[in-house]
Amino acid sequence: MTNKKGMTMPQIDDAELFGNAEDQRAYEDFCANQEAVEKFTLDKPALICRWRMSNKKVPMLNRHIRALSERLVQGEPLTHNMLSWAKQHVEWSLAEGDYTAHDGVLMLVIDVNGNAAMTVGEYEPLADTSAKALRARSAEARSEADETGVAPELLAAVNNGELAFVAPADECLCGTATLIEQLAQTKRIPVTRVDIPAQLKGALFLVSDEHGVVPAADADVAESDAETVAFFADGYEKLRARR
């Protein structure tokens, strides 16, 4: 497959990924079909993932792949072959590809027929980070989660030292949200979930696979809660900065 910059997906040895020859042959056949992407035009997108990059890598790739495994396309989970293909081709194609957006955004598109394509583009920060704008983005992501099972962006808040996500109790969190949850645990910060944004109080922020941690610019909050959000943002950026 190629991205819009003409980045070629290299061949790799997957022999160690599978326990038997039959599984490996099935995977190789799947990859061969995906490599023929130039021979067809993607149909209507059923799933679009946008993952932030750093130095030609996706720092939280394993987290993103775990969340991807919980997503649905046309009501069905992605196959093991698709997940293996996505992980391996992201790792190798970004490392070997010829493109300029080394700290950009990788976009994975899967259409209604199960065909997939990857592309890399420049990162563009959010122009509007007001609480109203962040709420609107989270509402759009919630609509996506209703179809695919996982929201790529979540609204969250810290209030009196406690973290709350707007997400159903049994829903798999997106990759970035799992990092924030883990960072909270390191500080013994209680983590809860609420059903609707109106239940959130305190320092409001967006958790996004594309944009990371985005505090609401117009929030008037307690200094201690704002510092906790800053701690989450700093932890995310430190992970991205690793080489």
# chains A, B, ... in the order shown; residues from 1 in each chain; ligands from 1
>>> select_by_dssp(residues="region 21-125 of chain A", states="helix (DSSP H, G or I)", output="PyMOL selection string")
chain A and resi 21-34+37-39+61-68+80-96
>>> write_last_selection(atoms="N, CA and C atoms", output="tab-separated table (two decimals), in the first residue's frame")
chain	number	residue	atom	x	y	z
A	21	ALA	N	1.44	-23.00	10.14
A	21	ALA	CA	1.60	-22.58	8.74
A	21	ALA	C	0.28	-22.12	8.14
A	22	GLU	N	-0.83	-22.73	8.55
A	22	GLU	CA	-2.12	-22.36	7.99
A	22	GLU	C	-2.48	-20.91	8.32
A	23	ASP	N	-2.28	-20.51	9.59
A	23	ASP	CA	-2.55	-19.14	9.98
A	23	ASP	C	-1.65	-18.17	9.24
A	24	GLN	N	-0.39	-18.54	9.07
A	24	GLN	CA	0.54	-17.66	8.37
A	24	GLN	C	0.13	-17.48	6.91
A	25	ARG	N	-0.29	-18.59	6.24
A	25	ARG	CA	-0.71	-18.50	4.84
A	25	ARG	C	-1.95	-17.61	4.71
A	26	ALA	N	-2.88	-17.73	5.67
A	26	ALA	CA	-4.08	-16.90	5.63
A	26	ALA	C	-3.71	-15.43	5.77
A	27	TYR	N	-2.76	-15.16	6.66
A	27	TYR	CA	-2.31	-13.78	6.84
A	27	TYR	C	-1.61	-13.25	5.60
A	28	GLU	N	-0.77	-14.07	4.98
A	28	GLU	CA	-0.06	-13.66	3.77
A	28	GLU	C	-1.04	-13.37	2.63
A	29	ASP	N	-2.09	-14.20	2.53
A	29	ASP	CA	-3.11	-13.95	1.51
A	29	ASP	C	-3.82	-12.63	1.78
A	30	PHE	N	-4.10	-12.38	3.06
A	30	PHE	CA	-4.76	-11.13	3.42
A	30	PHE	C	-3.89	-9.93	3.05
A	31	CYS	N	-2.59	-10.02	3.38
A	31	CYS	CA	-1.67	-8.93	3.05
A	31	CYS	C	-1.58	-8.71	1.56
A	32	ALA	N	-1.57	-9.80	0.79
A	32	ALA	CA	-1.50	-9.69	-0.66
A	32	ALA	C	-2.71	-8.92	-1.20
A	33	ASN	N	-3.87	-9.19	-0.62
A	33	ASN	CA	-5.07	-8.47	-1.04
A	33	ASN	C	-4.98	-7.00	-0.68
A	34	GLN	N	-4.44	-6.70	0.51
A	34	GLN	CA	-4.30	-5.31	0.92
A	34	GLN	C	-3.28	-4.57	0.07
A	37	VAL	N	-4.21	-2.41	-3.11
A	37	VAL	CA	-5.09	-1.27	-2.89
A	37	VAL	C	-5.15	-0.33	-4.10
A	38	GLU	N	-4.04	-0.20	-4.85
A	38	GLU	CA	-4.05	0.70	-5.99
A	38	GLU	C	-5.03	0.26	-7.07
A	39	LYS	N	-5.47	-1.01	-7.03
A	39	LYS	CA	-6.33	-1.56	-8.06
A	39	LYS	C	-7.81	-1.26	-7.79
A	61	LEU	N	1.30	3.08	19.77
A	61	LEU	CA	0.73	2.15	18.79
A	61	LEU	C	0.06	0.95	19.46
A	62	ASN	N	0.71	0.35	20.44
A	62	ASN	CA	0.12	-0.83	21.08
A	62	ASN	C	-1.22	-0.50	21.74
A	63	ARG	N	-1.30	0.67	22.35
A	63	ARG	CA	-2.57	1.09	22.95
A	63	ARG	C	-3.63	1.28	21.87
A	64	HIS	N	-3.23	1.90	20.76
A	64	HIS	CA	-4.18	2.13	19.68
A	64	HIS	C	-4.67	0.82	19.06
A	65	ILE	N	-3.76	-0.13	18.91
A	65	ILE	CA	-4.14	-1.42	18.33
A	65	ILE	C	-5.09	-2.16	19.26
A	66	ARG	N	-4.85	-2.08	20.57
A	66	ARG	CA	-5.77	-2.72	21.51
A	66	ARG	C	-7.17	-2.12	21.40
A	67	ALA	N	-7.23	-0.79	21.28
A	67	ALA	CA	-8.53	-0.14	21.12
A	67	ALA	C	-9.15	-0.50	19.76
A	68	LEU	N	-8.30	-0.61	18.73
A	68	LEU	CA	-8.78	-0.98	17.40
A	68	LEU	C	-9.42	-2.36	17.43
A	80	HIS	N	-8.32	-10.87	13.06
A	80	HIS	CA	-6.95	-10.95	13.55
A	80	HIS	C	-5.97	-10.56	12.45
A	81	ASN	N	-6.26	-10.96	11.22
A	81	ASN	CA	-5.38	-10.62	10.10
A	81	ASN	C	-5.31	-9.11	9.88
A	82	MET	N	-6.45	-8.43	9.97
A	82	MET	CA	-6.45	-6.98	9.79
A	82	MET	C	-5.64	-6.29	10.89
A	83	LEU	N	-5.81	-6.74	12.12
A	83	LEU	CA	-5.09	-6.13	13.23
A	83	LEU	C	-3.58	-6.35	13.10
A	84	SER	N	-3.19	-7.58	12.70
A	84	SER	CA	-1.77	-7.87	12.51
A	84	SER	C	-1.20	-7.04	11.38
A	85	TRP	N	-1.95	-6.96	10.29
A	85	TRP	CA	-1.51	-6.16	9.15
A	85	TRP	C	-1.33	-4.69	9.54
A	86	ALA	N	-2.31	-4.15	10.26
A	86	ALA	CA	-2.24	-2.74	10.64
A	86	ALA	C	-1.01	-2.46	11.49
A	87	LYS	N	-0.79	-3.28	12.51
A	87	LYS	CA	0.34	-3.04	13.41
A	87	LYS	C	1.67	-3.15	12.67
A	88	GLN	N	1.87	-4.21	11.92
A	88	GLN	CA	3.14	-4.41	11.24
A	88	GLN	C	3.39	-3.35	10.18
A	89	HIS	N	2.37	-3.00	9.42
A	89	HIS	CA	2.58	-2.03	8.35
A	89	HIS	C	2.76	-0.61	8.87
A	90	VAL	N	2.13	-0.28	9.98
A	90	VAL	CA	2.39	1.02	10.58
A	90	VAL	C	3.85	1.11	11.01
A	91	GLU	N	4.31	0.11	11.73
A	91	GLU	CA	5.68	0.14	12.25
A	91	GLU	C	6.71	0.24	11.13
A	92	TRP	N	6.58	-0.62	10.13
A	92	TRP	CA	7.60	-0.70	9.10
A	92	TRP	C	7.47	0.40	8.05
A	93	SER	N	6.26	0.73	7.67
A	93	SER	CA	6.11	1.74	6.63
A	93	SER	C	6.50	3.13	7.11
A	94	LEU	N	6.19	3.44	8.37
A	94	LEU	CA	6.60	4.75	8.89
A	94	LEU	C	8.11	4.85	9.01
A	95	ALA	N	8.74	3.76	9.41
A	95	ALA	CA	10.20	3.77	9.58
A	95	ALA	C	10.92	3.90	8.25
A	96	GLU	N	10.39	3.23	7.21
A	96	GLU	CA	11.09	3.17	5.93
A	96	GLU	C	10.54	4.11	4.87
>>> residues_around(residues="Leu47 (chain A)", least_positions_apart="5", cutoff="10 Å", atoms="only C-alpha atoms", output="list in words")
Leu68, Arg71, Leu72, Val73, Gln74, Leu108, Val109, Ile110, Asp111, Val112, Gly114, Ala116, Glu144, Glu147 and Thr148 of chain A
>>> write_last_selection(atoms="all heavy atoms", output="compact mmCIF listing (two decimals), in the first residue's frame")
# COMPACT_ATOMS: atom_id res chain seq x y z
N LEU A 68 -8.30 -0.61 18.73
CA LEU A 68 -8.78 -0.98 17.40
C LEU A 68 -9.42 -2.36 17.43
O LEU A 68 -10.40 -2.63 16.72
CB LEU A 68 -7.62 -0.94 16.40
CG LEU A 68 -7.96 -1.22 14.93
CD1 LEU A 68 -8.92 -0.17 14.38
CD2 LEU A 68 -6.68 -1.25 14.09
N ARG A 71 -13.02 -2.18 18.18
CA ARG A 71 -13.90 -1.43 17.28
C ARG A 71 -14.66 -2.37 16.34
O ARG A 71 -14.22 -3.49 16.07
CB ARG A 71 -13.09 -0.41 16.47
CG ARG A 71 -12.65 0.80 17.29
CD ARG A 71 -11.90 1.80 16.43
NE ARG A 71 -11.90 3.12 17.01
CZ ARG A 71 -10.93 3.63 17.75
NH1 ARG A 71 -9.87 2.88 18.01
NH2 ARG A 71 -10.99 4.85 18.23
N LEU A 72 -15.77 -1.86 15.82
CA LEU A 72 -16.62 -2.62 14.92
C LEU A 72 -16.70 -1.94 13.56
O LEU A 72 -16.70 -0.71 13.48
CB LEU A 72 -18.03 -2.75 15.49
CG LEU A 72 -18.19 -3.36 16.89
CD1 LEU A 72 -19.65 -3.30 17.33
CD2 LEU A 72 -17.68 -4.80 16.90
N VAL A 73 -16.75 -2.73 12.51
CA VAL A 73 -16.98 -2.24 11.15
C VAL A 73 -18.19 -2.99 10.61
O VAL A 73 -18.17 -4.22 10.53
CB VAL A 73 -15.76 -2.46 10.24
CG1 VAL A 73 -16.11 -2.13 8.79
CG2 VAL A 73 -14.59 -1.61 10.71
N GLN A 74 -19.23 -2.26 10.30
CA GLN A 74 -20.49 -2.87 9.86
C GLN A 74 -21.01 -3.87 10.89
O GLN A 74 -21.54 -4.92 10.56
CB GLN A 74 -20.30 -3.57 8.51
CG GLN A 74 -19.87 -2.65 7.37
CD GLN A 74 -20.95 -1.67 6.96
OE1 GLN A 74 -21.08 -0.60 7.53
NE2 GLN A 74 -21.73 -2.05 5.96
N LEU A 108 -5.64 5.81 9.45
CA LEU A 108 -6.02 4.48 8.98
C LEU A 108 -7.49 4.52 8.61
O LEU A 108 -8.34 4.89 9.43
CB LEU A 108 -5.77 3.44 10.07
CG LEU A 108 -6.34 2.04 9.84
CD1 LEU A 108 -5.64 1.36 8.67
CD2 LEU A 108 -6.21 1.19 11.10
N VAL A 109 -7.80 4.15 7.36
CA VAL A 109 -9.18 4.16 6.87
C VAL A 109 -9.58 2.74 6.50
O VAL A 109 -8.87 2.07 5.74
CB VAL A 109 -9.34 5.08 5.64
CG1 VAL A 109 -10.79 5.09 5.18
CG2 VAL A 109 -8.87 6.48 5.96
N ILE A 110 -10.70 2.28 7.03
CA ILE A 110 -11.26 0.98 6.66
C ILE A 110 -12.65 1.24 6.10
O ILE A 110 -13.48 1.89 6.74
CB ILE A 110 -11.34 0.03 7.87
CG1 ILE A 110 -9.94 -0.17 8.46
CG2 ILE A 110 -11.94 -1.31 7.46
CD1 ILE A 110 -9.93 -1.01 9.73
N ASP A 111 -12.90 0.75 4.86
CA ASP A 111 -14.19 1.03 4.24
C ASP A 111 -15.22 -0.04 4.58
O ASP A 111 -14.95 -1.00 5.30
CB ASP A 111 -14.03 1.22 2.73
CG ASP A 111 -13.75 -0.07 1.97
OD1 ASP A 111 -13.82 -1.16 2.56
OD2 ASP A 111 -13.44 0.02 0.75
N VAL A 112 -16.44 0.15 4.05
CA VAL A 112 -17.54 -0.74 4.39
C VAL A 112 -17.33 -2.17 3.89
O VAL A 112 -18.01 -3.10 4.34
CB VAL A 112 -18.87 -0.18 3.82
CG1 VAL A 112 -19.26 1.10 4.52
CG2 VAL A 112 -18.77 0.03 2.31
N GLY A 114 -14.36 -3.68 4.11
CA GLY A 114 -13.23 -4.25 4.84
C GLY A 114 -11.89 -3.97 4.22
O GLY A 114 -10.87 -4.49 4.68
N ALA A 116 -8.62 -1.55 3.45
CA ALA A 116 -7.96 -0.57 4.30
C ALA A 116 -6.88 0.20 3.55
O ALA A 116 -6.29 -0.31 2.58
CB ALA A 116 -7.34 -1.26 5.51
N GLU A 144 -19.76 8.54 16.83
CA GLU A 144 -18.94 7.51 16.18
C GLU A 144 -18.88 6.25 17.04
O GLU A 144 -18.97 5.13 16.52
CB GLU A 144 -17.53 8.04 15.94
CG GLU A 144 -16.60 7.01 15.30
CD GLU A 144 -15.20 7.55 15.02
OE1 GLU A 144 -15.08 8.77 14.78
OE2 GLU A 144 -14.25 6.75 15.03
N GLU A 147 -21.54 3.65 16.70
CA GLU A 147 -21.45 2.76 15.55
C GLU A 147 -20.27 1.81 15.63
O GLU A 147 -20.36 0.65 15.23
CB GLU A 147 -21.35 3.58 14.26
CG GLU A 147 -22.58 4.40 13.94
CD GLU A 147 -22.47 5.10 12.60
OE1 GLU A 147 -21.49 4.82 11.87
OE2 GLU A 147 -23.35 5.91 12.28
N THR A 148 -19.14 2.30 16.16
CA THR A 148 -17.90 1.51 16.12
C THR A 148 -17.48 0.93 17.46
O THR A 148 -16.60 0.08 17.51
CB THR A 148 -16.74 2.36 15.58
OG1 THR A 148 -16.43 3.40 16.53
CG2 THR A 148 -17.10 2.99 14.23
>>> select_by_dssp(residues="region 16-226 of chain A", states="strand (DSSP E)", output="ChimeraX atom specification")
/A:45-52,72-73,76-77,105-111,116-121,153-159,162-166,191-194,203-208,212-215
>>> write_last_selection(atoms="C-alpha atoms", output="PDB file, in the first residue's frame")
ATOM      1  CA  PRO A  45     -15.355   4.819   5.049  1.00  0.00           C
ATOM      2  CA  ALA A  46     -16.708   2.794   7.938  1.00  0.00           C
ATOM      3  CA  LEU A  47     -13.881   3.605  10.342  1.00  0.00           C
ATOM      4  CA  ILE A  48     -11.242   6.333  10.391  1.00  0.00           C
ATOM      5  CA  CYS A  49      -8.489   6.366  13.022  1.00  0.00           C
ATOM      6  CA  ARG A  50      -6.153   9.340  13.448  1.00  0.00           C
ATOM      7  CA  TRP A  51      -3.062   8.653  15.525  1.00  0.00           C
ATOM      8  CA  ARG A  52      -0.443  11.260  16.411  1.00  0.00           C
ATOM      9  CA  LEU A  72     -16.621  -2.620  14.921  1.00  0.00           C
ATOM     10  CA  VAL A  73     -16.985  -2.238  11.155  1.00  0.00           C
ATOM     11  CA  GLU A  76     -18.466  -6.888  13.127  1.00  0.00           C
ATOM     12  CA  PRO A  77     -15.088  -6.877  14.945  1.00  0.00           C
ATOM     13  CA  VAL A 105      -0.757  12.224  11.968  1.00  0.00           C
ATOM     14  CA  LEU A 106      -1.216   8.717  10.652  1.00  0.00           C
ATOM     15  CA  MET A 107      -4.710   8.030   9.331  1.00  0.00           C
ATOM     16  CA  LEU A 108      -6.017   4.483   8.977  1.00  0.00           C
ATOM     17  CA  VAL A 109      -9.178   4.161   6.872  1.00  0.00           C
ATOM     18  CA  ILE A 110     -11.264   0.982   6.657  1.00  0.00           C
ATOM     19  CA  ASP A 111     -14.190   1.026   4.236  1.00  0.00           C
ATOM     20  CA  ALA A 116      -7.959  -0.567   4.302  1.00  0.00           C
ATOM     21  CA  ALA A 117      -5.551   2.224   3.445  1.00  0.00           C
ATOM     22  CA  MET A 118      -3.063   4.322   5.392  1.00  0.00           C
ATOM     23  CA  THR A 119      -1.919   7.879   4.855  1.00  0.00           C
ATOM     24  CA  VAL A 120       0.303  10.392   6.645  1.00  0.00           C
ATOM     25  CA  GLY A 121      -0.346  14.124   6.898  1.00  0.00           C
ATOM     26  CA  GLU A 153     -11.994  11.495  21.677  1.00  0.00           C
ATOM     27  CA  LEU A 154     -13.455  11.812  25.172  1.00  0.00           C
ATOM     28  CA  LEU A 155     -14.450  14.690  27.373  1.00  0.00           C
ATOM     29  CA  ALA A 156     -12.962  14.478  30.850  1.00  0.00           C
ATOM     30  CA  ALA A 157     -12.524  16.638  33.936  1.00  0.00           C
ATOM     31  CA  VAL A 158     -10.616  16.789  37.197  1.00  0.00           C
ATOM     32  CA  ASN A 159     -12.607  17.943  40.199  1.00  0.00           C
ATOM     33  CA  GLU A 162     -10.735  13.099  41.034  1.00  0.00           C
ATOM     34  CA  LEU A 163     -10.732  12.239  37.316  1.00  0.00           C
ATOM     35  CA  ALA A 164     -13.943  11.524  35.400  1.00  0.00           C
ATOM     36  CA  PHE A 165     -14.418  10.450  31.763  1.00  0.00           C
ATOM     37  CA  VAL A 166     -17.647  10.776  29.806  1.00  0.00           C
ATOM     38  CA  VAL A 191     -11.028   7.498  38.199  1.00  0.00           C
ATOM     39  CA  THR A 192     -14.738   7.348  37.460  1.00  0.00           C
ATOM     40  CA  ARG A 193     -17.030   7.532  34.445  1.00  0.00           C
ATOM     41  CA  VAL A 194     -20.164   9.604  33.921  1.00  0.00           C
ATOM     42  CA  ALA A 203     -11.098  21.368  35.069  1.00  0.00           C
ATOM     43  CA  LEU A 204     -12.508  20.293  31.709  1.00  0.00           C
ATOM     44  CA  PHE A 205     -10.283  18.805  28.996  1.00  0.00           C
ATOM     45  CA  LEU A 206     -10.424  16.714  25.840  1.00  0.00           C
ATOM     46  CA  VAL A 207      -8.599  13.392  25.546  1.00  0.00           C
ATOM     47  CA  SER A 208      -7.837  12.653  21.904  1.00  0.00           C
ATOM     48  CA  GLY A 212      -3.543  14.350  23.122  1.00  0.00           C
ATOM     49  CA  VAL A 213      -4.654  16.305  26.201  1.00  0.00           C
ATOM     50  CA  VAL A 214      -6.396  19.586  25.386  1.00  0.00           C
ATOM     51  CA  PRO A 215      -7.500  21.710  28.386  1.00  0.00           C
TER      52      PRO A 215
END
>>> closest_atom_pairs(of="region 147-195 of chain A", to="region 233-237 of chain A", cutoff="8 Å", atoms="only C-alpha atoms", output="tab-separated table")
residue	atom	partner	partner_atom	distance
A:Leu179	CA	A:Tyr236	CA	7.6
A:Ile180	CA	A:Tyr236	CA	7.8
A:Leu183	CA	A:Gly235	CA	7.4
>>> atom_distance(atom1="CA of Pro152 (chain A)", atom2="CA of Asp128 (chain A)")
18.1 Å
